[in-house]
Structures are given as structure tokens and as C-alpha cells.
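Engineer: The structure follows.
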Amino acid sequence: MQSINIDALSKMIKSKRSDRGLREVAKEVGISLSTLSRVENGNVPDIDSYMKLCKWLEVSIDFFTSPSQNAESKRQVVVANLRADKTLPKKVSESLIEMINLVYKSVK
């Protein structure tokens, strides 16, 4: 049985959440404030919360359970980081994401 890399999950959540409040993000994800806080602090979420977090992070549910060595996993990391980067205007990050998706699609 595989286990979740909770450290990677926690770091990605914190990165995407940035300086937004826990309450706001928990509502956006569809989980409780306390669940989001516990996961950010290194506790393993229940399966329903885990699936909602993966959807919010825009990664597959096996992203945190298997090595991130394939092209799709790398693409997902880049996209997630661009979306989490609050220094870029949303229009710029979405344009970059579109370009990255096109590049990855062309090399398949």
C-alpha cells in the first residue's frame, strides 16, 4: 500500500494558498477550516478531502503517492506553481500555462 507524501502535499497547499486565509481557501476547496489546517501541519487527510485538495491543486490523485518523474507530473508541478505565484498577473500566468500545455502536448 502506498502512502501519501504529506510533506509535498502540505508544501504545495501552502504555496498555492500563499497569503490567503485558511477560511477562504477551505471554503474554495470544499473542506473544513480545521481539516485544511491539519493537512498544512502534516496530518494525512481523509480520502474525500484528499481528492478535493488534489482537484484544487490541479494534480492527479496519485501525484503525491508516486515519484514525480513523468512528463505529466512535471507539467502539473509547473502549472500549480504558476497558479500559486501571486507576483505574476493572472493573465500572464494563464498565458504561460497555455504555452506550457501546448509544448507538452506537442512532445507527446
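As shown in the C-alpha cells, the chain order sets the letters A, B, ...; within each chain, residues go from 1, and ligands are also counted from 1 in the order they appear.
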From a DSSP calculation on the backbone, collect every residue of chain A in helix (DSSP H, G or I) and output the set as a CSV table (one decimal) with C-alpha atoms, in the first residue's frame.
Structural biologist:
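The file below, result14.csv, is the result:
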```
chain,number,residue,atom,x,y,z
A,6,ILE,CA,2.2,14.6,3.2
A,7,ASP,CA,5.2,16.9,3.2
A,8,ALA,CA,4.9,17.6,-0.5
A,9,LEU,CA,1.1,17.9,-0.2
A,10,SER,CA,1.5,20.4,2.6
A,11,LYS,CA,4.1,22.5,0.8
A,12,MET,CA,2.1,22.7,-2.4
A,13,ILE,CA,-1.1,23.7,-0.5
A,14,LYS,CA,0.9,26.4,1.4
A,15,SER,CA,2.4,27.6,-1.9
A,16,LYS,CA,-0.9,27.9,-3.7
A,17,ARG,CA,-2.7,29.4,-0.7
A,22,LEU,CA,-7.3,29.4,5.7
A,23,ARG,CA,-11.1,30.0,5.9
A,24,GLU,CA,-11.3,31.4,2.4
A,25,VAL,CA,-9.2,28.6,0.9
A,26,ALA,CA,-11.0,25.9,2.9
A,27,LYS,CA,-14.4,27.2,1.5
A,28,GLU,CA,-12.9,27.3,-2.0
A,29,VAL,CA,-11.7,23.7,-1.7
A,33,LEU,CA,-11.0,25.0,8.1
A,34,SER,CA,-9.8,22.6,10.7
A,35,THR,CA,-9.1,19.9,8.0
A,36,LEU,CA,-7.1,22.3,5.9
A,37,SER,CA,-5.1,23.5,8.9
A,38,ARG,CA,-4.4,19.9,10.0
A,39,VAL,CA,-3.2,18.9,6.5
A,40,GLU,CA,-0.9,22.0,6.3
A,47,ILE,CA,-9.9,10.3,1.1
A,48,ASP,CA,-12.7,12.8,0.3
A,49,SER,CA,-10.6,15.8,1.5
A,50,TYR,CA,-7.5,14.4,-0.3
A,51,MET,CA,-9.4,14.2,-3.6
A,52,LYS,CA,-10.8,17.7,-3.2
A,53,LEU,CA,-7.3,19.1,-2.4
A,54,CYS,CA,-5.9,17.3,-5.4
A,55,LYS,CA,-8.6,18.8,-7.6
A,56,TRP,CA,-8.0,22.3,-6.2
A,57,LEU,CA,-4.2,21.8,-6.7
A,71,ALA,CA,6.3,14.5,-18.1
A,72,GLU,CA,2.7,14.9,-16.9
A,73,SER,CA,3.7,15.2,-13.3
A,74,LYS,CA,6.4,17.7,-14.2
A,75,ARG,CA,3.8,19.7,-16.2
A,76,GLN,CA,1.4,19.6,-13.2
A,77,VAL,CA,4.1,21.0,-10.9
A,78,VAL,CA,4.9,23.9,-13.2
A,79,VAL,CA,1.2,24.7,-13.7
A,80,ALA,CA,0.5,24.5,-10.0
A,81,ASN,CA,3.4,26.8,-9.2
A,82,LEU,CA,2.5,29.3,-11.8
A,83,ARG,CA,-1.1,29.5,-10.5
A,84,ALA,CA,0.2,29.8,-6.9
A,90,LYS,CA,-3.3,36.3,-13.6
A,91,LYS,CA,-3.4,36.9,-17.3
A,92,VAL,CA,0.3,36.4,-17.6
A,93,SER,CA,0.3,33.2,-15.6
A,94,GLU,CA,-2.6,31.8,-17.6
A,95,SER,CA,-0.8,32.7,-20.9
A,96,LEU,CA,2.3,30.9,-19.7
A,97,ILE,CA,0.3,27.9,-18.6
A,98,GLU,CA,-1.4,27.7,-22.0
A,99,MET,CA,2.1,27.8,-23.7
A,100,ILE,CA,3.4,25.1,-21.4
A,101,ASN,CA,0.4,22.9,-22.1
A,102,LEU,CA,0.9,23.3,-25.8
A,103,VAL,CA,4.6,22.4,-25.6
A,104,TYR,CA,3.9,19.3,-23.5
A,105,LYS,CA,1.1,18.3,-25.9
A,106,SER,CA,3.4,18.7,-28.9
```
Engineer: Grab the atom CA of Val44 of chain A to atom CA of Asn5 of chain A distance for me, in Å with one decimal place.
Structural biologist: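 Atom CA of Val44 of chain A sits 9.0 Å away from atom CA of Asn5 of chain A.
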